[in-house]
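Novice: Got a structure for you, query_24.tsv, holding TSV, C-alpha atoms.
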chain	number	residue	atom	x	y	z
A	1051	MET	CA	195.77	61.88	11.66
A	1052	SER	CA	198.70	59.94	12.97
A	1053	LEU	CA	201.46	58.38	10.99
A	1054	HIS	CA	200.39	55.08	12.51
A	1055	TYR	CA	197.50	54.67	10.10
A	1056	THR	CA	195.93	51.34	9.18
A	1057	LEU	CA	198.07	49.61	6.57
A	1058	SER	CA	196.66	47.91	3.52
A	1059	VAL	CA	198.01	46.37	0.33
A	1060	VAL	CA	199.01	49.11	-2.11
A	1061	GLN	CA	198.86	48.40	-5.81
A	1062	GLU	CA	200.51	50.75	-8.29
A	1063	PRO	CA	197.72	52.55	-10.17
A	1064	LYS	CA	197.55	52.47	-13.94
A	1065	VAL	CA	197.49	56.18	-14.77
A	1066	MET	CA	199.22	56.27	-18.15
A	1067	SER	CA	196.06	55.36	-20.06
A	1068	THR	CA	194.14	58.18	-18.35
A	1069	LEU	CA	196.77	60.70	-19.34
A	1070	LEU	CA	196.87	59.39	-22.90
A	1071	LYS	CA	193.14	59.99	-23.24
A	1072	SER	CA	193.77	63.69	-22.59
A	1073	ILE	CA	196.24	63.91	-25.52
A	1074	PRO	CA	194.70	64.38	-28.98
A	1075	PRO	CA	195.45	61.44	-31.31
A	1076	GLN	CA	197.27	61.92	-34.59
A	1077	LYS	CA	195.56	61.46	-37.97
A	1078	ASN	CA	196.40	57.78	-38.06
A	1079	GLY	CA	194.68	57.31	-34.70
A	1080	SER	CA	197.87	56.78	-32.68
A	1081	HIS	CA	198.93	58.95	-29.81
A	1082	PRO	CA	202.04	61.11	-30.01
A	1083	GLU	CA	204.90	60.19	-27.75
A	1084	LEU	CA	204.47	61.59	-24.27
A	1085	SER	CA	206.85	64.38	-23.44
A	1086	LYS	CA	209.33	63.71	-20.67
A	1087	SER	CA	207.53	66.23	-18.46
A	1088	ALA	CA	204.14	64.60	-18.99
A	1089	ALA	CA	205.62	61.18	-18.30
A	1090	LEU	CA	207.26	62.55	-15.16
A	1091	TRP	CA	203.95	63.96	-14.01
A	1092	THR	CA	202.28	60.61	-14.63
A	1093	ASP	CA	204.88	58.99	-12.43
A	1094	MET	CA	204.16	61.52	-9.67
A	1095	ALA	CA	200.45	60.79	-9.75
A	1096	LYS	CA	200.90	57.16	-8.72
A	1097	TRP	CA	201.84	58.22	-5.18
A	1098	PHE	CA	198.33	59.49	-4.43
A	1099	GLY	CA	194.86	58.09	-3.84
A	1100	ASP	CA	192.09	58.00	-6.42
A	1101	ASP	CA	190.78	61.56	-5.92
A	1102	ILE	CA	194.12	63.35	-6.15
A	1103	ARG	CA	195.42	61.01	-8.85
A	1104	PHE	CA	192.40	61.69	-11.07
A	1105	ILE	CA	192.93	65.44	-10.68
A	1106	LEU	CA	196.62	65.22	-11.52
A	1107	VAL	CA	196.16	63.22	-14.72
A	1108	SER	CA	193.26	65.44	-15.77
A	1109	LEU	CA	195.07	68.77	-15.53
A	1110	LYS	CA	193.99	71.34	-18.07
A	1111	GLY	CA	195.81	74.50	-19.09
A	1112	VAL	CA	198.97	73.67	-17.11
A	1113	ASP	CA	202.44	73.33	-18.64
A	1114	TYR	CA	203.95	70.21	-17.05
A	1115	GLN	CA	207.46	71.57	-17.57
A	1116	LYS	CA	206.72	74.55	-15.35
A	1117	ILE	CA	205.37	72.61	-12.36
A	1118	GLU	CA	207.80	72.78	-9.43
A	1119	GLU	CA	205.76	71.80	-6.39
A	1120	LEU	CA	202.52	70.09	-5.43
A	1121	ARG	CA	201.20	71.16	-2.02
A	1122	LEU	CA	198.61	69.30	0.03
A	1123	ARG	CA	197.40	70.88	3.27
A	1124	VAL	CA	194.50	69.35	5.21
A	1125	GLY	CA	191.43	71.56	4.91
A	1126	LYS	CA	193.08	73.81	2.33
A	1127	PRO	CA	192.81	73.97	-1.48
A	1128	LEU	CA	195.05	71.82	-3.70
A	1129	LEU	CA	197.91	74.01	-4.92
A	1130	LEU	CA	200.41	73.70	-7.76
A	1131	ARG	CA	203.43	75.99	-7.74
A	1132	THR	CA	204.91	76.73	-11.16
A	1133	LEU	CA	207.85	78.81	-12.29
A	1134	ASP	CA	205.90	82.03	-12.06
A	1135	ARG	CA	202.62	81.54	-10.20
A	1136	ASP	CA	200.49	79.52	-7.78
A	1137	LEU	CA	197.58	77.57	-9.26
A	1138	PHE	CA	194.55	76.31	-7.35
A	1139	ILE	CA	193.04	73.19	-8.96
A	1140	ASN	CA	189.47	71.87	-8.80
A	1141	GLN	CA	188.16	68.31	-8.89
A	1142	GLU	CA	188.12	68.29	-12.70
A	1143	GLY	CA	191.77	69.31	-12.96
A	1144	GLU	CA	190.97	72.89	-13.94
A	1145	ILE	CA	192.61	76.08	-12.69
A	1146	THR	CA	190.17	77.93	-10.46
A	1147	SER	CA	189.85	80.26	-7.47
A	1148	PRO	CA	190.87	79.07	-3.98
A	1149	ASN	CA	187.25	78.77	-2.82
A	1150	ASN	CA	186.30	76.55	-5.78
A	1151	ALA	CA	189.36	74.30	-5.64
A	1152	TYR	CA	189.52	70.72	-4.38
A	1153	PHE	CA	189.99	70.80	-0.59
A	1154	ILE	CA	192.44	68.29	0.84
A	1155	LYS	CA	191.09	65.67	3.24
A	1156	HIS	CA	192.85	63.69	5.96
A	1157	GLU	CA	192.34	60.58	3.84
A	1158	ASP	CA	194.28	62.12	0.94
A	1159	LEU	CA	197.38	62.52	3.10
A	1160	ALA	CA	196.96	59.11	4.73
A	1161	CYS	CA	196.80	57.37	1.36
A	1162	ALA	CA	199.74	59.36	-0.02
A	1163	LEU	CA	201.88	58.53	3.01
A	1164	GLU	CA	200.97	54.86	2.77
A	1165	ARG	CA	202.10	54.74	-0.85
A	1166	MET	CA	205.20	56.88	-0.33
A	1167	THR	CA	206.41	54.74	2.56
A	1168	HIS	CA	205.36	51.46	0.92
A	1169	SER	CA	203.15	50.82	3.96
A	1170	SER	CA	206.14	50.98	6.32
A	1171	VAL	CA	206.47	54.35	7.98
A	1172	TYR	CA	209.18	52.97	10.25
A	1173	ALA	CA	211.47	52.56	7.23
A	1174	VAL	CA	211.54	56.34	6.73
A	1175	GLU	CA	211.63	57.51	10.34
A	1176	GLU	CA	215.20	58.80	9.99
A	1177	ASP	CA	214.11	60.98	7.07
A	1178	LEU	CA	211.01	62.14	8.95
A	1179	LYS	CA	213.24	63.44	11.72
A	1180	GLN	CA	214.55	65.90	9.15
A	1181	GLY	CA	211.09	66.70	7.80
A	1182	PHE	CA	211.06	64.92	4.46
A	1183	ILE	CA	210.64	61.68	2.53
A	1184	THR	CA	212.65	60.98	-0.63
A	1185	LEU	CA	210.87	59.14	-3.42
A	1186	PRO	CA	212.46	57.09	-6.22
A	1187	GLY	CA	213.86	59.52	-8.79
A	1188	GLY	CA	215.10	61.98	-6.18
A	1189	ASN	CA	211.79	63.77	-5.71
A	1190	ARG	CA	211.58	65.02	-2.16
A	1191	VAL	CA	208.38	65.32	-0.15
A	1192	GLY	CA	208.43	67.86	2.65
A	1193	VAL	CA	206.36	66.85	5.68
A	1194	ALA	CA	204.80	69.04	8.37
A	1195	GLY	CA	202.77	68.09	11.42
A	1196	GLU	CA	203.28	67.41	15.12
A	1197	VAL	CA	206.87	66.67	16.10
A	1198	VAL	CA	207.45	63.98	18.72
A	1199	LEU	CA	210.32	64.77	21.09
A	1200	GLN	CA	212.22	62.49	23.43
A	1201	GLN	CA	214.72	64.08	25.81
A	1202	GLY	CA	214.70	67.19	23.64
A	1203	LYS	CA	215.48	65.32	20.42
A	1204	ILE	CA	213.16	64.76	17.47
A	1205	GLN	CA	212.07	61.11	17.29
A	1206	THR	CA	209.42	61.20	14.58
A	1207	MET	CA	206.39	63.12	13.38
A	1208	LYS	CA	202.67	62.42	13.78
A	1209	HIS	CA	199.33	64.01	12.87
A	1210	ILE	CA	200.73	64.95	9.48
A	1211	SER	CA	198.93	68.01	8.13
A	1212	SER	CA	200.96	69.06	5.06
A	1213	LEU	CA	202.89	67.47	2.21
A	1214	ASN	CA	205.00	69.33	-0.32
A	1215	LEU	CA	206.14	67.25	-3.30
A	1216	ARG	CA	209.06	68.98	-5.01
A	1217	ILE	CA	209.62	67.88	-8.60
A	1218	ALA	CA	213.26	66.98	-9.31
A	1219	ARG	CA	214.48	67.51	-12.85
A	1220	ASP	CA	217.60	66.59	-14.75
A	1221	ILE	CA	218.92	69.08	-17.31
A	1222	PRO	CA	221.95	67.69	-19.18
A	1223	GLY	CA	224.27	70.42	-20.39
A	1224	LEU	CA	223.16	72.95	-17.79
A	1225	SER	CA	226.71	73.31	-16.46
A	1226	GLN	CA	228.49	73.82	-19.79
A	1227	LYS	CA	228.40	77.61	-19.62
A	1228	ILE	CA	230.23	77.88	-16.30
A	1229	LEU	CA	232.32	74.72	-16.37
A	1230	PRO	CA	235.39	76.38	-17.98
A	1231	LEU	CA	235.41	78.91	-15.12
A	1232	LEU	CA	235.71	76.11	-12.58
A	1233	LEU	CA	238.80	74.48	-14.12
A	1234	SER	CA	242.47	75.21	-13.48
A	1235	MET	CA	245.06	75.43	-16.26
A	1236	ALA	CA	245.98	71.82	-15.43
A	1237	GLY	CA	242.40	70.68	-16.02
A	1238	THR	CA	241.57	70.00	-12.37
A	1239	VAL	CA	238.37	71.21	-10.74
A	1240	TYR	CA	238.66	74.11	-8.33
A	1241	HIS	CA	237.14	73.67	-4.87
A	1242	THR	CA	233.68	75.05	-5.70
A	1243	LEU	CA	230.64	76.12	-3.68
A	1244	LEU	CA	227.26	76.70	-5.33
A	1245	ILE	CA	224.84	78.87	-3.37
A	1246	SER	CA	221.23	79.81	-3.99
A	1247	PRO	CA	217.92	80.29	-2.19
A	1248	PRO	CA	215.42	77.39	-2.33
A	1249	ARG	CA	213.99	76.47	-5.75
A	1250	ALA	CA	216.80	78.18	-7.67
A	1251	GLY	CA	218.35	75.09	-9.27
A	1252	LYS	CA	221.53	74.46	-7.31
A	1253	THR	CA	220.92	70.70	-6.96
A	1254	THR	CA	220.14	70.41	-10.68
A	1255	LEU	CA	223.31	72.31	-11.56
A	1256	LEU	CA	225.40	70.22	-9.16
A	1257	ARG	CA	224.05	67.02	-10.71
A	1258	ASP	CA	225.10	68.13	-14.19
A	1259	LEU	CA	228.52	69.25	-12.97
A	1260	ILE	CA	229.08	65.82	-11.44
A	1261	ARG	CA	228.12	64.14	-14.71
A	1262	SER	CA	230.37	66.41	-16.78
A	1263	ILE	CA	233.37	65.99	-14.49
A	1264	SER	CA	232.88	62.23	-14.36
A	1265	ASN	CA	232.55	61.78	-18.12
A	1266	GLY	CA	235.00	64.49	-19.09
A	1267	VAL	CA	234.55	67.35	-21.56
A	1268	PRO	CA	237.50	67.34	-23.97
A	1269	GLN	CA	236.35	70.60	-25.59
A	1270	VAL	CA	237.29	72.52	-22.43
A	1271	GLY	CA	240.30	70.41	-21.50
A	1272	LEU	CA	238.57	68.32	-18.87
A	1273	ASN	CA	239.45	64.65	-18.69
A	1274	GLY	CA	237.05	62.32	-16.92
A	1275	GLN	CA	237.71	62.13	-13.19
A	1276	THR	CA	236.59	59.79	-10.42
A	1277	VAL	CA	233.80	61.44	-8.43
A	1278	GLY	CA	232.53	60.35	-5.03
A	1279	VAL	CA	229.00	61.54	-4.23
A	1280	VAL	CA	227.58	61.64	-0.70
A	1281	ASP	CA	223.85	61.73	-1.41
A	1282	GLU	CA	222.46	62.16	2.09
A	1283	ARG	CA	218.93	63.08	0.99
A	1284	GLY	CA	218.78	60.86	-2.08
A	1285	GLU	CA	218.19	63.78	-4.45
A	1286	LEU	CA	221.37	63.80	-6.53
A	1287	ALA	CA	221.38	60.22	-7.78
A	1288	GLY	CA	217.76	59.29	-7.06
A	1289	MET	CA	218.87	55.81	-6.01
A	1290	TRP	CA	216.21	53.11	-6.12
A	1291	GLN	CA	217.19	49.68	-4.80
A	1292	GLY	CA	220.86	50.50	-5.32
A	1293	VAL	CA	220.54	51.80	-8.88
A	1294	PRO	CA	220.79	55.56	-9.66
A	1295	THR	CA	217.78	57.06	-11.43
A	1296	TYR	CA	219.89	59.93	-12.74
A	1297	ASP	CA	223.01	59.55	-14.84
A	1298	LEU	CA	225.92	60.88	-12.77
A	1299	GLY	CA	228.60	59.78	-15.19
A	1300	TYR	CA	230.85	56.82	-15.95
A	1301	ARG	CA	233.30	57.37	-13.09
A	1302	THR	CA	230.95	58.20	-10.21
A	1303	ASP	CA	230.43	56.27	-6.98
A	1304	VAL	CA	227.45	57.10	-4.78
A	1305	LEU	CA	226.82	56.68	-1.06
A	1306	ASP	CA	223.07	56.98	-0.69
A	1307	GLY	CA	221.32	58.08	2.51
A	1308	CYS	CA	224.62	58.51	4.35
A	1309	PRO	CA	225.37	61.55	6.54
A	1310	LYS	CA	227.80	63.81	4.70
A	1311	ALA	CA	230.45	63.85	7.41
A	1312	SER	CA	230.63	60.05	7.59
A	1313	GLY	CA	230.25	59.59	3.86
A	1314	MET	CA	233.16	61.80	2.92
A	1315	SER	CA	235.64	59.83	5.00
A	1316	MET	CA	234.17	56.51	3.81
A	1317	LEU	CA	234.53	57.43	0.14
A	1318	VAL	CA	238.06	58.77	0.57
A	1319	ARG	CA	239.14	55.52	2.23
A	1320	SER	CA	237.31	53.10	-0.04
A	1321	MET	CA	236.89	54.65	-3.50
A	1322	SER	CA	239.85	57.07	-3.88
A	1323	PRO	CA	237.86	59.88	-5.54
A	1324	GLN	CA	239.52	62.84	-7.21
A	1325	VAL	CA	236.43	64.95	-6.56
A	1326	LEU	CA	234.00	64.77	-3.61
A	1327	ALA	CA	230.51	66.13	-4.26
A	1328	MET	CA	227.66	66.73	-1.83
A	1329	ASP	CA	224.51	68.81	-1.48
A	1330	GLU	CA	223.56	71.37	1.18
A	1331	ILE	CA	226.44	71.59	3.62
A	1332	GLY	CA	225.81	73.56	6.78
A	1333	HIS	CA	226.67	71.58	9.91
A	1334	ALA	CA	229.89	71.80	11.89
A	1335	ASP	CA	230.51	68.09	11.21
A	1336	ASP	CA	230.42	68.84	7.48
A	1337	ALA	CA	233.12	71.49	7.83
A	1338	ASN	CA	235.37	69.18	9.84
A	1339	ALA	CA	234.97	66.36	7.32
A	1340	ILE	CA	235.73	68.70	4.41
A	1341	THR	CA	238.88	69.91	6.16
A	1342	ASP	CA	239.99	66.30	6.69
A	1343	ALA	CA	239.25	65.41	3.06
A	1344	LEU	CA	241.35	68.30	1.80
A	1345	ARG	CA	244.41	66.74	3.38
A	1346	THR	CA	244.04	63.79	0.99
A	1347	GLY	CA	244.22	66.00	-2.08
A	1348	VAL	CA	240.59	65.56	-3.11
A	1349	GLN	CA	238.68	68.44	-4.74
A	1350	ILE	CA	235.43	69.61	-3.12
A	1351	LEU	CA	232.20	70.39	-5.00
A	1352	SER	CA	229.21	71.35	-2.88
A	1353	THR	CA	226.12	73.49	-2.44
A	1354	ALA	CA	224.66	75.56	0.40
A	1355	HIS	CA	221.54	77.61	1.05
A	1356	ALA	CA	222.19	81.35	0.65
A	1357	SER	CA	220.97	84.03	-1.73
A	1358	SER	CA	224.19	86.07	-1.72
A	1359	ILE	CA	227.80	86.05	-0.56
A	1360	GLU	CA	226.78	88.24	2.38
A	1361	GLU	CA	224.10	85.78	3.43
A	1362	ALA	CA	226.52	82.87	3.06
A	1363	ARG	CA	228.98	84.62	5.34
A	1364	SER	CA	226.24	85.07	7.95
A	1365	ARG	CA	226.05	81.28	8.37
A	1366	PRO	CA	228.75	80.22	10.85
A	1367	VAL	CA	229.84	77.00	9.11
A	1368	ILE	CA	229.97	78.53	5.63
A	1369	LYS	CA	231.69	81.62	7.00
A	1370	HIS	CA	234.34	79.43	8.62
A	1371	LEU	CA	235.02	77.51	5.39
A	1372	LEU	CA	235.23	80.74	3.38
A	1373	GLU	CA	237.57	82.38	5.89
A	1374	GLN	CA	239.78	79.28	5.86
A	1375	GLY	CA	240.11	79.60	2.10
A	1376	VAL	CA	238.64	76.14	1.48
A	1377	PHE	CA	236.72	77.19	-1.63
A	1378	GLU	CA	238.34	78.75	-4.68
A	1379	ARG	CA	235.21	79.35	-6.73
A	1380	LEU	CA	231.76	80.55	-5.65
A	1381	VAL	CA	228.75	80.29	-7.96
A	1382	VAL	CA	225.67	82.35	-7.04
A	1383	LEU	CA	222.31	81.29	-8.50
A	1384	SER	CA	218.89	82.90	-8.34
A	1385	ARG	CA	215.42	82.77	-9.90
A	1386	ARG	CA	215.64	86.19	-11.59
A	1387	HIS	CA	215.17	84.65	-15.04
A	1388	GLY	CA	213.87	81.30	-13.82
A	1389	PRO	CA	215.60	78.53	-11.81
A	1390	GLY	CA	219.28	78.15	-12.61
A	1391	THR	CA	219.96	81.82	-13.35
A	1392	ILE	CA	223.72	82.40	-12.83
A	1393	ASP	CA	224.11	85.70	-10.99
A	1394	GLY	CA	227.88	85.43	-10.78
A	1395	VAL	CA	230.95	83.21	-10.62
A	1396	TYR	CA	233.59	84.52	-8.19
A	1397	ASP	CA	237.29	83.80	-7.90
A	1398	LEU	CA	237.54	83.74	-4.10
A	1399	ARG	CA	241.34	84.07	-4.15
A	1400	THR	CA	241.22	87.43	-5.92
A	1401	GLY	CA	237.62	88.52	-5.31
A	1402	ARG	CA	237.08	88.99	-9.05
A	1403	ILE	CA	233.85	88.22	-10.85
A	1404	LEU	CA	234.67	85.85	-13.71
Give the structure from this file in structure tokens form.

Specialist:
Amino acid sequence: MSLHYTLSVVQEPKVMSTLLKSIPPQKNGSHPELSKSAALWTDMAKWFGDDIRFILVSLKGVDYQKIEELRLRVGKPLLLRTLDRDLFINQEGEITSPNNAYFIKHEDLACALERMTHSSVYAVEEDLKQGFITLPGGNRVGVAGEVVLQQGKIQTMKHISSLNLRIARDIPGLSQKILPLLLSMAGTVYHTLLISPPRAGKTTLLRDLIRSISNGVPQVGLNGQTVGVVDERGELAGMWQGVPTYDLGYRTDVLDGCPKASGMSMLVRSMSPQVLAMDEIGHADDANAITDALRTGVQILSTAHASSIEEARSRPVIKHLLEQGVFERLVVLSRRHGPGTIDGVYDLRTGRIL
């Protein structure tokens, strides 16, 4: 299958009624209010064709809150990844063995891609170069297939064979436990780096930190501050047609889909932020832009992929920033007790665990 599939008119499916039928009515005959997780799952289902959509709204024995990923691989069984296990799902939405699960067809991926790109694959080619598509709400879809190169550089991707829909969640209040450890006596935010392996909640924690800093938390001596967010992958704010899906606070300005290095300088010049926030730094350009931003007096709040301080220091860009003393606080997250587990908060000036 190529990305250049035949385009057709896509209508948004009506899946809410199907999901409601699976929820027992109350004594008066009315349905209880859908939980946020069930409603979120309903919203996810609309991006797929009839076969996959029916399966997703017919799930049985699965806790919506625990679903983290939906994986579609051509010729392989439909797979849901939850907090603690992998689940193979059959055509009736039931958990089953791999051999009895629903096997993904080329048409399933073609239909999903058509919906996810709104029938215009060219509009997401820049994202495809990095191996993903971002959906409204900040949900990211990983894409794998045949990479097309031109003069050694990735141009696009074709013959798509795998999709991985990662469910983004917003957890207000998640940052309250560690927030006091990230504030100076004067109430300013220390330059902070959050690190974790994939699926350990660093983006969710960063989102809540941004919201708390923007709104202010008087209980811990934090007044609301202007925050500039460079949302290169569209996951932090979940922008849709210029409007954030997630609440990032009263005093937050967002640059959506902008490279971090360019976005930092743009926000400093145009929006005068007190705090600059971004997700997943790791390129040399990011480090240079952070160094430039520091000269303006802005505070830095960011994340990076690493499971430990040692692993972070093995990455050249992160190692450079740490050796230069850019960051004052380091927060290490893991999945030991589920996503968002705080393994430690370090004062990088003294080396102490707070």

Novice: Atom CA of Asn1214 of chain A and atom CA of Lys1110 of chain A, how far apart in Å?

Specialist: 21.0 Å

Novice: Write out as a list in words which residues come within 6 Å of segment 1130-1147 of chain A when counting only C-alpha atoms, dropping same-chain ones fewer than 5 positions away.

Specialist: Ile1105, Ser1108, Leu1109, Lys1110, Lys1116, Ile1117, Glu1118, Glu1119, Leu1120 and Tyr1152 of chain A

Novice: Counting only C-alpha atoms, which residue out of A:Leu1256, A:Leu1224, A:Pro1186, A:Leu1232 sits closest to Gly1292 of chain A?

Specialist: A:Pro1186

Novice: Please indicate the distance in Å from atom CA of Asp1336 of chain A to atom CA of Arg1385 of chain A, rounded to one decimal place.

Specialist: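 A separation of 26.9 Å between them.
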
Novice: Please report the interatomic distance between atom CA of Val1107 of chain A and atom CA of Ala1160 of chain A in Å with one decimal.

Specialist: 19.9 Å

Novice: Rank A:Gly1099, A:Gly1288, A:Gly1390, A:Gly1313 by their smallest atom-to-atom distance to Glu1164 of chain A, using only C-alpha atoms, and report the top residue only.

Specialist: A:Gly1099

Novice: Name the closest residue to Val1193 of chain A among the candidates A:Arg1121, A:Asp1101, A:Ile1263, A:His1241; distances are taken between atoms, counting only C-alpha atoms.

Specialist: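 Of the candidates, the smallest distance to Val1193 of chain A is held by A:Arg1121.
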
Novice: Check the smallest atom-to-atom distance from each of A:Ala1311, A:Val1376, A:Gln1115, A:Lys1096 to Asp1335 of chain A using all atoms listed in the file, then report the winner.

Specialist: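 Distance minimum relative to Asp1335 of chain A lands on A:Ala1311.
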
Novice: Rank A:Ala1151, A:Leu1229, A:Leu1272, A:Leu1286 by their smallest atom-to-atom distance to Asn1189 of chain A, using all atoms listed in the file, and report the top residue only.

Specialist: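 Once distances to Asn1189 of chain A are computed over all atoms listed in the file, the minimum belongs to A:Leu1286.
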
Novice: From the options A:Leu1298, A:Met1235, A:Ile1221, A:Val1174, which residue's atoms come nearest to Gly1271 of chain A, counting all atoms listed in the file?

Specialist: A:Met1235

Novice: Taking (214.7, 65.7, -5.7) as a centre in this file's frame and 6 Å as the limit, can you find every polymer residue with an atom that close, using all atoms listed in the file, and give them as a ChimeraX atom specification?

Specialist: /A:1188-1190,1218,1285

Novice: Give me the residues within 8 Å of Tyr1240 of chain A as a PyMOL selection string, counting only C-alpha atoms and dropping any in the same chain fewer than 3 places off.

Specialist: chain A and resi 1232-1234+1349-1350+1377-1379
